[in-house]
Structures are given as C-alpha cells and as structure tokens.
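**Q** Input file: my_file_19.cif. Contents: mmCIF, C-alpha atoms, pLDDT in the B column; chains and numbers go by the auth columns.
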data_target
loop_
_atom_site.group_PDB
_atom_site.id
_atom_site.type_symbol
_atom_site.label_atom_id
_atom_site.label_comp_id
_atom_site.label_asym_id
_atom_site.label_seq_id
_atom_site.Cartn_x
_atom_site.Cartn_y
_atom_site.Cartn_z
_atom_site.B_iso_or_equiv
_atom_site.auth_seq_id
_atom_site.auth_asym_id
ATOM 1 C CA MET A 1 -8.794 -8.232 11.088 73.00 1 A
ATOM 2 C CA ASN A 2 -6.767 -6.901 13.986 93.00 2 A
ATOM 3 C CA ILE A 3 -5.331 -3.704 12.531 98.00 3 A
ATOM 4 C CA HIS A 4 -5.235 -0.606 14.713 98.00 4 A
ATOM 5 C CA THR A 5 -1.944 1.091 13.829 98.00 5 A
ATOM 6 C CA VAL A 6 -0.836 1.598 10.242 98.00 6 A
ATOM 7 C CA GLY A 7 2.583 2.699 9.059 98.00 7 A
ATOM 8 C CA VAL A 8 2.758 4.864 5.941 98.00 8 A
ATOM 9 C CA LEU A 9 6.183 5.381 4.368 98.00 9 A
ATOM 10 C CA GLY A 10 6.309 8.532 2.294 97.00 10 A
ATOM 11 C CA ALA A 11 4.452 11.795 2.924 98.00 11 A
ATOM 12 C CA GLY A 12 4.297 12.904 -0.716 97.00 12 A
ATOM 13 C CA THR A 13 1.160 13.099 -2.831 97.00 13 A
ATOM 14 C CA MET A 14 0.214 9.438 -2.505 98.00 14 A
ATOM 15 C CA GLY A 15 1.519 8.864 1.018 98.00 15 A
ATOM 16 C CA ASN A 16 -0.249 11.841 2.564 98.00 16 A
ATOM 17 C CA GLY A 17 -3.471 10.825 0.818 98.00 17 A
ATOM 18 C CA ILE A 18 -3.146 7.275 2.147 98.00 18 A
ATOM 19 C CA ALA A 19 -2.407 8.572 5.664 98.00 19 A
ATOM 20 C CA HIS A 20 -5.436 10.881 5.339 98.00 20 A
ATOM 21 C CA VAL A 21 -7.901 8.079 4.527 98.00 21 A
ATOM 22 C CA PHE A 22 -6.553 5.707 7.187 98.00 22 A
ATOM 23 C CA ALA A 23 -6.632 8.448 9.858 98.00 23 A
ATOM 24 C CA ARG A 24 -10.109 9.597 8.807 98.00 24 A
ATOM 25 C CA SER A 25 -11.274 5.973 9.101 98.00 25 A
ATOM 26 C CA GLY A 26 -10.105 5.789 12.716 98.00 26 A
ATOM 27 C CA TYR A 27 -6.713 4.116 12.386 98.00 27 A
ATOM 28 C CA LYS A 28 -3.643 5.388 14.221 98.00 28 A
ATOM 29 C CA VAL A 29 -1.133 6.326 11.514 98.00 29 A
ATOM 30 C CA LEU A 30 2.636 6.518 11.852 98.00 30 A
ATOM 31 C CA LEU A 31 3.612 8.679 8.881 98.00 31 A
ATOM 32 C CA ARG A 32 7.322 8.443 8.078 98.00 32 A
ATOM 33 C CA ASP A 33 9.574 10.198 5.584 97.00 33 A
ATOM 34 C CA VAL A 34 13.272 10.952 5.173 96.00 34 A
ATOM 35 C CA GLU A 35 13.127 14.701 5.895 97.00 35 A
ATOM 36 C CA GLN A 36 11.040 16.859 8.219 97.00 36 A
ATOM 37 C CA ARG A 37 10.153 19.258 5.392 98.00 37 A
ATOM 38 C CA PHE A 38 8.441 16.416 3.507 98.00 38 A
ATOM 39 C CA LEU A 39 6.448 15.518 6.621 98.00 39 A
ATOM 40 C CA ASP A 40 5.510 19.171 7.188 98.00 40 A
ATOM 41 C CA ARG A 41 4.322 19.550 3.597 98.00 41 A
ATOM 42 C CA GLY A 42 2.358 16.282 3.785 98.00 42 A
ATOM 43 C CA LEU A 43 0.667 17.236 7.054 98.00 43 A
ATOM 44 C CA ASP A 44 -0.212 20.655 5.668 98.00 44 A
ATOM 45 C CA THR A 45 -1.841 18.995 2.653 98.00 45 A
ATOM 46 C CA ILE A 46 -3.783 16.586 4.864 98.00 46 A
ATOM 47 C CA ALA A 47 -5.038 19.476 7.050 98.00 47 A
ATOM 48 C CA LYS A 48 -6.158 21.464 3.986 98.00 48 A
ATOM 49 C CA ASN A 49 -7.908 18.452 2.440 98.00 49 A
ATOM 50 C CA LEU A 50 -9.686 17.604 5.687 98.00 50 A
ATOM 51 C CA GLU A 51 -10.796 21.239 6.012 98.00 51 A
ATOM 52 C CA ARG A 52 -12.194 21.046 2.474 97.00 52 A
ATOM 53 C CA GLU A 53 -14.191 17.961 3.525 97.00 53 A
ATOM 54 C CA VAL A 54 -15.593 19.900 6.503 98.00 54 A
ATOM 55 C CA THR A 55 -16.567 22.804 4.213 97.00 55 A
ATOM 56 C CA LYS A 56 -18.377 20.365 1.901 97.00 56 A
ATOM 57 C CA ASN A 57 -20.153 18.745 4.893 97.00 57 A
ATOM 58 C CA LYS A 58 -18.534 15.361 4.199 96.00 58 A
ATOM 59 C CA ILE A 59 -17.099 15.224 7.723 97.00 59 A
ATOM 60 C CA THR A 60 -17.556 17.256 10.903 97.00 60 A
ATOM 61 C CA ALA A 61 -14.993 19.579 12.444 98.00 61 A
ATOM 62 C CA GLU A 62 -14.664 17.034 15.256 98.00 62 A
ATOM 63 C CA GLN A 63 -13.933 14.247 12.745 98.00 63 A
ATOM 64 C CA ARG A 64 -11.280 16.477 11.123 98.00 64 A
ATOM 65 C CA SER A 65 -9.641 17.099 14.489 98.00 65 A
ATOM 66 C CA GLN A 66 -9.720 13.397 15.352 98.00 66 A
ATOM 67 C CA ALA A 67 -8.202 12.435 11.979 98.00 67 A
ATOM 68 C CA LEU A 68 -5.344 14.905 12.496 98.00 68 A
ATOM 69 C CA ALA A 69 -4.820 13.589 16.035 98.00 69 A
ATOM 70 C CA ASN A 70 -4.595 10.045 14.630 98.00 70 A
ATOM 71 C CA ILE A 71 -1.469 10.911 12.614 98.00 71 A
ATOM 72 C CA ARG A 72 1.924 10.740 14.273 98.00 72 A
ATOM 73 C CA PRO A 73 4.642 12.021 11.932 98.00 73 A
ATOM 74 C CA GLY A 74 8.300 11.151 12.339 98.00 74 A
ATOM 75 C CA LEU A 75 11.625 10.359 10.758 98.00 75 A
ATOM 76 C CA ASP A 76 12.507 7.239 12.777 96.00 76 A
ATOM 77 C CA ARG A 77 11.397 4.118 10.921 96.00 77 A
ATOM 78 C CA SER A 78 12.238 1.815 13.851 97.00 78 A
ATOM 79 C CA SER A 79 8.996 2.944 15.531 96.00 79 A
ATOM 80 C CA LEU A 80 7.112 1.115 12.761 98.00 80 A
ATOM 81 C CA ALA A 81 7.701 -2.013 14.883 98.00 81 A
ATOM 82 C CA THR A 82 4.436 -1.141 16.655 97.00 82 A
ATOM 83 C CA CYS A 83 2.396 -1.192 13.425 98.00 83 A
ATOM 84 C CA ASP A 84 -0.149 -3.862 12.507 98.00 84 A
ATOM 85 C CA PHE A 85 0.085 -3.064 8.768 98.00 85 A
ATOM 86 C CA VAL A 86 2.584 -1.040 6.742 98.00 86 A
ATOM 87 C CA ILE A 87 2.218 0.508 3.291 98.00 87 A
ATOM 88 C CA GLU A 88 5.001 2.250 1.422 98.00 88 A
ATOM 89 C CA ALA A 89 4.425 5.088 -0.996 98.00 89 A
ATOM 90 C CA ALA A 90 8.016 5.971 -1.812 96.00 90 A
ATOM 91 C CA THR A 91 9.522 6.997 -5.147 94.00 91 A
ATOM 92 C CA GLU A 92 8.837 4.558 -8.007 95.00 92 A
ATOM 93 C CA LYS A 93 12.370 3.148 -8.059 96.00 93 A
ATOM 94 C CA PHE A 94 12.903 -0.534 -7.345 97.00 94 A
ATOM 95 C CA GLU A 95 16.170 0.004 -5.462 97.00 95 A
ATOM 96 C CA ILE A 96 14.545 2.433 -3.018 96.00 96 A
ATOM 97 C CA LYS A 97 11.488 0.254 -2.452 97.00 97 A
ATOM 98 C CA ALA A 98 13.607 -2.913 -2.100 98.00 98 A
ATOM 99 C CA GLU A 99 15.768 -1.229 0.545 97.00 99 A
ATOM 100 C CA LEU A 100 12.645 -0.159 2.456 97.00 100 A
ATOM 101 C CA PHE A 101 11.114 -3.646 2.273 98.00 101 A
ATOM 102 C CA ARG A 102 14.359 -5.233 3.558 98.00 102 A
ATOM 103 C CA GLU A 103 14.372 -2.768 6.444 98.00 103 A
ATOM 104 C CA LEU A 104 10.662 -3.250 7.202 98.00 104 A
ATOM 105 C CA ASP A 105 11.120 -7.018 7.157 98.00 105 A
ATOM 106 C CA GLY A 106 13.617 -6.649 9.997 98.00 106 A
ATOM 107 C CA ILE A 107 11.622 -4.044 11.948 97.00 107 A
ATOM 108 C CA CYS A 108 8.056 -5.389 11.777 98.00 108 A
ATOM 109 C CA ARG A 109 6.625 -8.418 13.556 97.00 109 A
ATOM 110 C CA PRO A 110 6.577 -11.523 11.303 97.00 110 A
ATOM 111 C CA GLU A 111 2.773 -11.512 10.978 97.00 111 A
ATOM 112 C CA VAL A 112 2.597 -7.911 9.714 98.00 112 A
ATOM 113 C CA VAL A 113 1.584 -7.471 6.072 98.00 113 A
ATOM 114 C CA LEU A 114 3.823 -5.184 4.022 98.00 114 A
ATOM 115 C CA ALA A 115 2.066 -3.401 1.162 98.00 115 A
ATOM 116 C CA SER A 116 3.307 -1.212 -1.658 98.00 116 A
ATOM 117 C CA ASN A 117 1.360 1.507 -3.413 98.00 117 A
ATOM 118 C CA THR A 118 3.356 0.855 -6.587 95.00 118 A
ATOM 119 C CA SER A 119 1.595 0.676 -9.924 89.00 119 A
ATOM 120 C CA SER A 120 4.599 -0.431 -11.957 93.00 120 A
ATOM 121 C CA ILE A 121 7.068 -2.454 -9.852 97.00 121 A
ATOM 122 C CA SER A 122 6.698 -6.208 -9.482 97.00 122 A
ATOM 123 C CA ILE A 123 5.236 -7.245 -6.131 98.00 123 A
ATOM 124 C CA THR A 124 6.965 -10.609 -6.592 98.00 124 A
ATOM 125 C CA LYS A 125 10.359 -8.865 -6.862 98.00 125 A
ATOM 126 C CA LEU A 126 9.665 -6.737 -3.780 98.00 126 A
ATOM 127 C CA ALA A 127 8.497 -9.793 -1.824 98.00 127 A
ATOM 128 C CA ALA A 128 11.687 -11.647 -2.763 98.00 128 A
ATOM 129 C CA VAL A 129 13.829 -9.257 -0.694 98.00 129 A
ATOM 130 C CA THR A 130 11.883 -10.240 2.468 98.00 130 A
ATOM 131 C CA ARG A 131 11.439 -13.385 4.544 98.00 131 A
ATOM 132 C CA ARG A 132 7.647 -12.967 4.321 98.00 132 A
ATOM 133 C CA ALA A 133 6.832 -13.165 0.618 98.00 133 A
ATOM 134 C CA ASP A 134 3.375 -14.517 1.489 98.00 134 A
ATOM 135 C CA LYS A 135 2.637 -11.277 3.383 98.00 135 A
ATOM 136 C CA VAL A 136 3.701 -8.821 0.665 98.00 136 A
ATOM 137 C CA VAL A 137 0.989 -7.296 -1.515 98.00 137 A
ATOM 138 C CA GLY A 138 0.248 -4.344 -3.743 98.00 138 A
ATOM 139 C CA MET A 139 -2.352 -1.865 -2.488 98.00 139 A
ATOM 140 C CA HIS A 140 -2.499 0.716 -5.252 98.00 140 A
ATOM 141 C CA PHE A 141 -4.581 3.784 -4.441 98.00 141 A
ATOM 142 C CA PHE A 142 -5.574 6.238 -7.152 97.00 142 A
ATOM 143 C CA ASN A 143 -4.923 9.980 -7.023 95.00 143 A
ATOM 144 C CA PRO A 144 -6.362 11.973 -5.338 96.00 144 A
ATOM 145 C CA VAL A 145 -6.563 9.253 -2.684 98.00 145 A
ATOM 146 C CA PRO A 146 -9.227 10.873 -0.440 96.00 146 A
ATOM 147 C CA MET A 147 -11.633 11.192 -3.396 95.00 147 A
ATOM 148 C CA MET A 148 -10.980 8.174 -5.614 97.00 148 A
ATOM 149 C CA LYS A 149 -12.886 5.048 -4.568 97.00 149 A
ATOM 150 C CA LEU A 150 -10.847 2.422 -6.392 97.00 150 A
ATOM 151 C CA VAL A 151 -7.981 0.479 -4.772 98.00 151 A
ATOM 152 C CA GLU A 152 -6.162 -2.089 -6.892 97.00 152 A
ATOM 153 C CA VAL A 153 -5.035 -5.127 -4.865 98.00 153 A
ATOM 154 C CA ILE A 154 -2.075 -6.833 -6.533 98.00 154 A
ATOM 155 C CA ARG A 155 -0.828 -10.286 -5.647 97.00 155 A
ATOM 156 C CA GLY A 156 2.761 -11.359 -5.990 97.00 156 A
ATOM 157 C CA LEU A 157 3.395 -14.982 -6.934 98.00 157 A
ATOM 158 C CA ALA A 158 3.790 -15.874 -3.242 98.00 158 A
ATOM 159 C CA THR A 159 1.059 -13.597 -1.789 98.00 159 A
ATOM 160 C CA SER A 160 -1.221 -15.784 0.335 98.00 160 A
ATOM 161 C CA GLN A 161 -4.985 -15.834 0.003 98.00 161 A
ATOM 162 C CA GLN A 162 -5.157 -14.705 3.639 98.00 162 A
ATOM 163 C CA THR A 163 -3.035 -11.617 2.878 98.00 163 A
ATOM 164 C CA TYR A 164 -5.070 -10.834 -0.225 98.00 164 A
ATOM 165 C CA GLN A 165 -8.358 -11.183 1.712 98.00 165 A
ATOM 166 C CA LEU A 166 -7.061 -9.003 4.555 98.00 166 A
ATOM 167 C CA VAL A 167 -6.220 -6.167 2.149 98.00 167 A
ATOM 168 C CA LEU A 168 -9.627 -6.449 0.433 98.00 168 A
ATOM 169 C CA GLU A 169 -11.350 -6.107 3.812 97.00 169 A
ATOM 170 C CA LEU A 170 -9.007 -3.311 4.909 98.00 170 A
ATOM 171 C CA ALA A 171 -9.788 -1.310 1.752 98.00 171 A
ATOM 172 C CA LYS A 172 -13.506 -1.648 2.481 98.00 172 A
ATOM 173 C CA THR A 173 -13.018 -0.190 5.993 98.00 173 A
ATOM 174 C CA LEU A 174 -11.604 2.900 4.226 98.00 174 A
ATOM 175 C CA ASP A 175 -14.824 3.174 2.182 97.00 175 A
ATOM 176 C CA LYS A 176 -12.882 2.123 -0.919 98.00 176 A
ATOM 177 C CA THR A 177 -13.756 -0.333 -3.675 98.00 177 A
ATOM 178 C CA PRO A 178 -11.017 -2.966 -3.959 98.00 178 A
ATOM 179 C CA VAL A 179 -10.416 -4.765 -7.264 97.00 179 A
ATOM 180 C CA GLU A 180 -7.872 -7.428 -8.173 93.00 180 A
#
Rewrite the coordinates I just gave you, this time as structure tokens.
**A**
Amino acid sequence: MNIHTVGVLGAGTMGNGIAHVFARSGYKVLLRDVEQRFLDRGLDTIAKNLEREVTKNKITAEQRSQALANIRPGLDRSSLATCDFVIEAATEKFEIKAELFRELDGICRPEVVLASNTSSISITKLAAVTRRADKVVGMHFFNPVPMMKLVEVIRGLATSQQTYQLVLELAKTLDKTPVE
C-alpha cells in the first residue's frame, strides 16, 4: 500500500471525521469543500475533537498538533491530483456524487482508488460514471467517525479484489474494523 496523501471531499460531519482519523493516523489530508465557511466549521470541529482526545489521554498534545498540521484545507479540487486515495463525503444525492466522481476521474491519476462514504447510493452506479470502475469502492464510516470502530467496505459490480483488499488494509491503518 503506497498511500501517503488522501483527499477528502466534504468537510461536514462525516468528512471532517474522516479527515480527522486519516490525519491522526499520519496521512497528509487535502480537505476540500465548496465554501470556506464549511471548511472553517469542519476544521474547528476537528480541533475540538482532537483536544477532547488529549484531555482523555488518548493522544498527546504533540499528536494533536501533528494531526492538525497534516490537514490542508482548500476549495480547489484540482489539487487532488496529488492524492494517492480520495474519499468523498458529500451530500447523499446521486447527481452531486456522480458529478464529483466524473471530475475526480479526470483529475486523479488512473491508479488512484476513488471511494464514497455513501450508505445508500449504488457504488456500481457511481463507478459507471468513471473510466475506472474497478477502482471505485464504498468506504462507509459510522458517526462519530473518530470514535466508531466499524468501516463498511462496499464493492460495486466492477470493484476489483485488489481495490477491495487495499481499502480493507487502509481501514486497519486507521485502527478501524473493516467489514464487507
């Protein structure tokens, strides 16, 4: 697994939680949203949640600072071209997610896996709007993401075994329990 930089689309409840766990686990995170106020709110939530972890002696103050330093917020999705893995956590509307997956398919290197945090939209349908259906997968975190251990890994009809295995291993590096 050669993943160092992770793109997270959406800084809302799920997206900021996903960014939090990736950053806390040592990944560089490019957190993207459509408006600065959403990014600001998401970053504020991440900072508060990390501080709570320090207070409960789950992480050190240094680990909190490093996790915050690992997150690079922004509005420009074209910078996601540098990512090794991208997960979207946008609104649960197929049209919005499909548009993002089409865009990501054009921005990201062909080998990059595109994941969705969706719990209700077909991964097969999302994969169909890309030229990399074998590299599209569901990676459904549970709320609140920093606390809940379970991550549901969802295959589309075309999701390759290699993609599925990569996401299982990636979830484990986040100290999560992946299930199919």
**Q** Show which residues sit within 10 Å of A:Ser160, as a VMD selection string. Count all atoms listed in the file, and ignore same-chain residues fewer than 3 positions away.
**A** chain A and resid 133 to 137 155 to 157 163 to 166
**Q** Name the closest residue to A:Gln36 among the candidates A:Val179, A:Ser79, A:Arg52, A:Ala11; distances are taken between atoms, counting all atoms listed in the file.
**A**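 Ranking A:Val179, A:Ser79, A:Arg52, A:Ala11 by distance to A:Gln36, first place goes to A:Ala11.
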**Q** Taking only residues of stretch 63-140 of chain A that have an atom at most 9 Å from an atom of stretch 23-28 of chain A, what is each one's shortest atom pair and its distance in Å to one decimal, using all atoms listed in the file, in chain and number order, as CSV?
**A**
residue,atom,partner,partner_atom,distance
A:Gln63,CA,A:Arg24,CA,7.2
A:Arg64,CA,A:Arg24,CA,7.4
A:Gln66,CA,A:Arg24,CA,7.6
A:Ala67,CA,A:Arg24,CA,4.7
A:Leu68,CA,A:Ala23,CA,7.1
A:Ala69,CA,A:Ala23,CA,8.2
A:Asn70,CA,A:Lys28,CA,4.8
A:Ile71,CA,A:Lys28,CA,6.1
A:Arg72,CA,A:Lys28,CA,7.7
A:Cys83,CA,A:Lys28,CA,9.0
**Q** What lies within 10 Å of A:Ser78 using all atoms listed in the file, ignoring chain neighbours under 3 positions off, as a list in words?
**A**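 Once the nearby chain positions are removed, what remains is Leu75, Ala81, Thr82, Glu103, Leu104, Gly106, Ile107 and Cys108 of chain A.
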**Q** Keeping C-alpha atoms for every residue in the selection just given, could you write it to a file as a PDB file, keeping the file's coordinate frame?
**A**
ATOM      1  CA  LEU A  75      11.625  10.359  10.758  1.00 98.00           C
ATOM      2  CA  ALA A  81       7.701  -2.013  14.883  1.00 98.00           C
ATOM      3  CA  THR A  82       4.436  -1.141  16.655  1.00 97.00           C
ATOM      4  CA  GLU A 103      14.372  -2.768   6.444  1.00 98.00           C
ATOM      5  CA  LEU A 104      10.662  -3.250   7.202  1.00 98.00           C
ATOM      6  CA  GLY A 106      13.617  -6.649   9.997  1.00 98.00           C
ATOM      7  CA  ILE A 107      11.622  -4.044  11.948  1.00 97.00           C
ATOM      8  CA  CYS A 108       8.056  -5.389  11.777  1.00 98.00           C
TER       9      CYS A 108
END
**Q** Could you check which of A:Ala127, A:Leu50, A:Ala89, A:Ile121 is closest to A:Asp105, using only C-alpha atoms?
**A**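 Among the listed residues, A:Ala127 lies closest to A:Asp105.
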**Q** What's around A:Val167 at 12 Å? Count all atoms listed in the file, leave out sequence neighbours fewer than 6 positions away in its own chain, and write the answer as a PyMOL selection string.
**A** chain A and resi 1-3+85-87+112-116+135-140+151-155+159-161+173-174+176-180
**Q** Find the residue from A:Ile123, A:Asp84, A:Gly17, A:Glu95 that sits nearest to A:Glu111; use all atoms listed in the file when measuring.
**A**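 The shortest atom-to-atom distance to A:Glu111 comes from A:Asp84.
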**Q** Expand the PyMOL selection byres ((chain A and resi 143-146) around 10) into the individual residues it matches in the shown file, reporting them as a ChimeraX atom specification.
**A** /A:13-22,24,46,49-50,53,140-142,147-151,174-176
**Q** Would you compute the distance between atom CA of A:Arg32 and atom CA of A:Lys93? Give it in Å to one decimal.
**A**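 Between atom CA of A:Arg32 and atom CA of A:Lys93 the gap is 17.7 Å.
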**Q** Given the choices A:Lys172, A:Phe101, A:Gly74, A:Val29, which gets closest to A:Gly7 if the distance is worked out from only C-alpha atoms?
**A**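 Of A:Lys172, A:Phe101, A:Gly74, A:Val29, the one nearest A:Gly7 is A:Val29, counting only C-alpha atoms.
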